[in-house]
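Here's start_34.cif, which has mmCIF, C-alpha atoms:
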data_input
#
loop_
_atom_site.label_atom_id
_atom_site.label_comp_id
_atom_site.auth_asym_id
_atom_site.auth_seq_id
_atom_site.Cartn_x
_atom_site.Cartn_y
_atom_site.Cartn_z
CA MET A 115 163.25 -27.18 -55.40
CA LEU A 116 160.46 -25.80 -57.56
CA ILE A 117 157.84 -26.82 -55.00
CA VAL A 118 159.76 -25.09 -52.18
CA THR A 119 160.01 -21.91 -54.26
CA LEU A 120 156.29 -21.98 -55.10
CA LEU A 121 155.37 -22.52 -51.44
CA ALA A 122 157.62 -19.63 -50.39
CA LEU A 123 156.01 -17.34 -52.98
CA LEU A 124 152.53 -18.45 -51.91
CA CYS A 125 153.29 -17.75 -48.23
CA ALA A 126 154.84 -14.36 -49.05
CA SER A 127 151.78 -13.45 -51.12
CA ALA A 128 149.39 -14.46 -48.33
CA SER A 129 151.29 -12.44 -45.73
CA THR A 130 151.42 -9.43 -48.07
CA ASP A 131 147.64 -9.63 -48.62
CA ALA A 132 147.08 -9.74 -44.85
CA ALA A 133 149.33 -6.70 -44.34
CA ILE A 134 147.48 -4.77 -47.04
CA GLN A 135 144.10 -5.65 -45.55
CA ALA A 136 145.25 -4.68 -42.04
CA ARG A 137 146.37 -1.21 -43.13
CA SER A 138 143.80 1.34 -41.99
CA SER A 139 145.57 4.33 -40.46
CA SER A 140 146.40 7.53 -42.33
CA TYR A 141 147.50 11.08 -41.62
CA SER A 142 146.43 14.47 -43.01
CA GLY A 143 148.40 17.64 -42.48
CA GLU A 144 150.13 19.43 -41.03
CA TYR A 145 148.01 22.51 -41.85
CA GLY A 146 149.11 25.92 -40.59
CA GLY A 147 152.26 27.88 -39.87
CA GLY A 148 155.64 26.81 -38.55
CA GLY A 149 155.61 28.24 -35.01
CA GLY A 150 154.52 26.90 -31.65
CA LYS A 151 155.34 23.89 -29.51
CA ARG A 152 154.46 20.39 -30.71
CA PHE A 153 151.55 18.49 -29.12
CA SER A 154 149.96 15.11 -29.79
CA HIS A 155 146.90 13.32 -28.48
CA SER A 156 148.16 9.92 -29.67
CA GLY A 157 147.93 8.44 -26.17
CA ASN A 158 144.45 9.86 -25.62
CA GLN A 159 142.92 7.65 -28.30
CA LEU A 160 143.35 4.74 -25.87
CA ASP A 161 140.61 6.35 -23.73
CA GLY A 162 138.09 5.78 -26.54
CA PRO A 163 136.67 7.46 -29.61
CA ILE A 164 136.31 11.23 -29.91
CA THR A 165 133.08 12.20 -28.11
CA ALA A 166 133.30 16.00 -27.75
CA LEU A 167 135.24 19.06 -28.90
CA ARG A 168 136.16 22.30 -27.15
CA VAL A 169 137.47 25.02 -29.42
CA ARG A 170 138.46 28.52 -28.28
CA VAL A 171 138.23 31.22 -30.96
CA ASN A 172 138.86 34.95 -31.15
CA LYS A 173 137.98 37.26 -34.04
CA TYR A 174 141.05 36.15 -36.02
CA TYR A 175 142.21 32.66 -35.05
CA ILE A 176 141.55 29.27 -33.53
CA VAL A 177 143.11 29.98 -30.14
CA GLY A 178 142.87 26.63 -28.34
CA LEU A 179 141.69 23.03 -28.56
CA GLN A 180 140.62 20.27 -26.21
CA VAL A 181 139.17 16.92 -27.26
CA ARG A 182 137.26 14.37 -25.19
CA TYR A 183 138.23 10.77 -25.90
CA GLY A 184 135.63 8.43 -24.42
CA THR A 185 134.87 10.20 -21.13
CA VAL A 186 138.36 11.72 -20.61
CA TRP A 187 139.32 15.24 -21.76
CA SER A 188 142.76 15.72 -23.32
CA ASP A 189 145.10 18.41 -22.08
CA TYR A 190 144.08 21.84 -23.34
CA VAL A 191 146.48 23.26 -25.96
CA GLY A 192 146.75 26.87 -27.08
CA GLY A 193 145.99 30.27 -25.59
CA ARG A 194 143.36 31.51 -23.14
CA ASN A 195 141.91 34.58 -24.92
CA GLY A 196 138.66 34.20 -26.84
CA ASP A 197 135.32 32.44 -26.61
CA LEU A 198 135.20 28.75 -25.71
CA GLU A 199 132.73 26.66 -27.72
CA GLU A 200 131.86 23.07 -26.82
CA ILE A 201 130.08 20.46 -28.93
CA PHE A 202 129.27 16.87 -27.94
CA LEU A 203 128.99 14.11 -30.52
CA HIS A 204 125.99 11.81 -30.40
CA PRO A 205 126.61 8.23 -29.19
CA GLY A 206 128.36 6.30 -31.96
CA GLU A 207 128.90 9.46 -34.06
CA SER A 208 132.36 10.02 -35.57
CA VAL A 209 134.24 12.73 -37.42
CA ILE A 210 134.86 11.66 -41.04
CA GLN A 211 136.17 14.92 -42.54
CA VAL A 212 137.90 18.07 -41.31
CA SER A 213 138.27 21.19 -43.40
CA GLY A 214 139.45 24.64 -42.54
CA LYS A 215 141.59 27.66 -43.32
CA TYR A 216 145.00 28.88 -42.20
CA LYS A 217 147.65 31.52 -42.81
CA SER A 218 150.46 31.67 -40.25
CA TYR A 219 147.98 30.24 -37.73
CA LEU A 220 144.85 28.11 -37.87
CA LYS A 221 141.85 30.35 -38.64
CA LYS A 222 138.90 27.98 -39.19
CA LEU A 223 137.96 24.35 -38.51
CA VAL A 224 134.89 22.48 -39.73
CA PHE A 225 134.33 18.96 -38.41
CA VAL A 226 131.94 16.81 -40.48
CA THR A 227 130.39 13.72 -38.88
CA ASP A 228 129.05 10.47 -40.25
CA LYS A 229 125.60 11.64 -39.11
CA GLY A 230 125.75 14.59 -41.55
CA ARG A 231 126.51 17.29 -38.97
CA TYR A 232 128.82 20.20 -39.76
CA LEU A 233 130.55 21.65 -36.69
CA PRO A 234 132.20 24.97 -37.69
CA PHE A 235 134.61 27.05 -35.59
CA GLY A 236 136.49 30.25 -36.47
CA LYS A 237 136.69 32.73 -39.33
CA ASP A 238 136.45 32.13 -43.06
CA SER A 239 139.74 33.53 -44.40
CA GLY A 240 143.08 32.11 -45.48
CA THR A 241 144.29 29.09 -47.42
CA SER A 242 141.76 26.22 -47.51
CA PHE A 243 142.40 22.58 -46.66
CA ASN A 244 140.15 19.53 -46.72
CA ALA A 245 141.22 16.38 -44.88
CA VAL A 246 139.64 12.95 -45.21
CA PRO A 247 140.96 9.48 -44.35
CA LEU A 248 142.75 7.47 -47.04
CA HIS A 249 141.03 4.20 -46.15
CA PRO A 250 137.30 3.37 -46.14
CA ASN A 251 135.42 2.95 -42.85
CA THR A 252 137.96 4.98 -40.88
CA VAL A 253 137.35 8.03 -38.68
CA LEU A 254 139.27 10.78 -36.90
CA ARG A 255 141.02 9.09 -33.97
CA PHE A 256 143.27 11.88 -32.62
CA ILE A 257 144.87 15.22 -33.42
CA SER A 258 148.38 16.61 -33.22
CA GLY A 259 150.00 19.90 -34.15
CA ARG A 260 151.75 22.94 -32.76
CA SER A 261 150.46 25.63 -30.43
CA GLY A 262 151.50 28.68 -28.45
CA SER A 263 149.17 31.59 -27.74
CA VAL A 264 147.04 30.23 -30.64
CA ILE A 265 146.90 26.98 -32.63
CA ASP A 266 149.75 27.30 -35.11
CA ALA A 267 149.09 24.06 -37.01
CA ILE A 268 147.01 20.89 -36.87
CA GLY A 269 147.49 17.30 -37.99
CA LEU A 270 144.67 14.76 -38.26
CA HIS A 271 145.10 11.03 -37.61
CA TRP A 272 142.58 8.55 -39.00
CA ASP A 273 141.92 4.90 -38.18
CA VAL A 274 139.09 2.44 -37.55
CA TYR A 275 136.54 3.16 -34.84
CA PRO A 276 137.54 1.22 -31.69
CA SER A 277 135.75 -2.12 -31.65
CA SER A 278 135.33 -2.14 -27.90
CA CYS A 279 135.56 0.70 -25.46
CA SER A 280 135.01 0.26 -21.73
CA LYS A 281 135.33 4.03 -21.10
CA CYS A 282 132.76 5.17 -23.70
#

If you took the structure in this file and wrote it as structure tokens, what would it be?
Amino acid sequence: MLIVTLLALLCASASTDAAIQARSSSYSGEYGGGGGKRFSHSGNQLDGPITALRVRVNKYYIVGLQVRYGTVWSDYVGGRNGDLEEIFLHPGESVIQVSGKYKSYLKKLVFVTDKGRYLPFGKDSGTSFNAVPLHPNTVLRFISGRSGSVIDAIGLHWDVYPSSCSKC
């Protein structure tokens, strides 16, 4: 009986260690106000890693967002007023930190890459946030949040860089 108990404990410990090692995803947010309609790019991450960003800004807010996953652009979320800015990541480059500011709406976003680039959008006013993944060697995989005529709030989802991507 003692041997059976020890084997059961040993197997449970091994499976727990594997589950702990396999854990790599984390979530930061939601940063912003409470309005708008929910959106999520969770399905877009299947198209590949983030390779480009389109952010529409006006003199007060982050108005809209669109993200390219692999070679496929996500649906555009947000409003249509303001200037559209577009930045492409270098091959193999990933976002490892996102900071910004918000009040009732998202006012500023700064994407930081593993190549040391800072990609700022918007105006520098409001409550600050700084989002990084909880686990080492993980990157921004997709975004979610709420939007209407502007981006009301943003959530950031982190995980490992895809090991193989046929659409990248």

Query - Expected selection from the PyMOL selection byres ((chain A and resi 145-157) around 6), given as an NGL selection string - result: :A and (143-144 or 158-160 or 216 or 218-220 or 256-262 or 266-268)

Could I get the residues of segment 133-235 of chain A with an atom no further than 8 Å from an atom of segment 272-275 of chain A, each paired with its nearest atom pair and that distance in Å to one decimal, using all atoms listed in the file, sorted by chain and residue number, as CSV?
residue,atom,partner,partner_atom,distance
A:Ser138,CA,A:Asp273,CA,5.5
A:Ser139,CA,A:Asp273,CA,4.3
A:Ser140,CA,A:Trp272,CA,5.2
A:Tyr141,CA,A:Trp272,CA,6.1
A:Pro163,CA,A:Tyr275,CA,6.8

**Report entry** One-decimal distance in Å that lies between atom CA of Ile176 of chain A and atom CA of Ile265 of chain A
**Finding:**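 Atom-to-atom, atom CA of Ile265 of chain A and atom CA of Ile176 of chain A are spaced 5.9 Å apart.
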
Query raised in the report: What gap, in Å, lies between atom CA of Phe202 of chain A and atom CA of Lys173 of chain A?
Result: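 Value for the atom CA of Phe202 of chain A-atom CA of Lys173 of chain A distance: 23.0 Å.
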
Report task. Go ahead and compute the interatomic distance for atom CA of Pro250 of chain A and atom CA of Phe235 of chain A, in Å to one decimal. Result -> 26.1 Å

Report task. Choose the residue, out of A:Arg194, A:His271, A:Arg170, A:Arg182, that has the smallest atom-to-atom separation from Gln211 of chain A; count all atoms listed in the file. Result ->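 Of A:Arg194, A:His271, A:Arg170, A:Arg182, the one nearest Gln211 of chain A is A:His271, counting all atoms listed in the file.
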
**Report entry** Test item: which residues lie within 7 Å of (132.4, 21.2, -27.6) counting all atoms listed in the file, as a PyMOL selection string
**Finding:** chain A and resi 166-169+199-202

Report summary line: Of A:Asn251, A:Ser277, A:Ser263, A:Asn244, the one nearest to Tyr190 of chain A when counting all atoms listed in the file is A:Ser263

Report task. Find, counting all atoms listed in the file, the residue in A:Val224, A:Gly196, A:Asp189, A:Tyr175 that gets nearest to Ser239 of chain A. Result -> A:Tyr175

Please expand the PyMOL selection byres ((chain A and resi 212) around 7) into the concrete residues it hits in this file, giving the result as an mmCIF file with C-alpha atoms, in the coordinates of the input.
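File result_14.cif, as written:
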data_model
loop_
_atom_site.group_PDB
_atom_site.id
_atom_site.type_symbol
_atom_site.label_atom_id
_atom_site.label_comp_id
_atom_site.auth_asym_id
_atom_site.auth_seq_id
_atom_site.Cartn_x
_atom_site.Cartn_y
_atom_site.Cartn_z
ATOM 1 C CA GLN A 211 136.170 14.920 -42.540
ATOM 2 C CA SER A 213 138.270 21.190 -43.400
ATOM 3 C CA GLY A 214 139.450 24.640 -42.540
ATOM 4 C CA LEU A 223 137.960 24.350 -38.510
ATOM 5 C CA VAL A 224 134.890 22.480 -39.730
ATOM 6 C CA PHE A 225 134.330 18.960 -38.410
ATOM 7 C CA VAL A 226 131.940 16.810 -40.480
ATOM 8 C CA ASN A 244 140.150 19.530 -46.720
ATOM 9 C CA ALA A 245 141.220 16.380 -44.880
ATOM 10 C CA VAL A 246 139.640 12.950 -45.210
#

**Report entry** Selection result for the PyMOL selection byres ((chain A and resi 209) around 10) on this file, as a ChimeraX atom specification
**Finding:** /A:163-165,203,207-208,210-212,225-233,246,252-255,272

Query raised in the report: Taking into account only C-alpha atoms, which residue in the set A:Gly178, A:Gly184, A:Pro276, A:Pro234 is nearest to Asp197 of chain A?
Result: A:Gly178

Query - Polymer residues at most 8 Å from Tyr174 of chain A, all atoms listed in the file, same-chain spacing of 5 or more positions, as a ChimeraX atom specification - result: /A:221,236-237
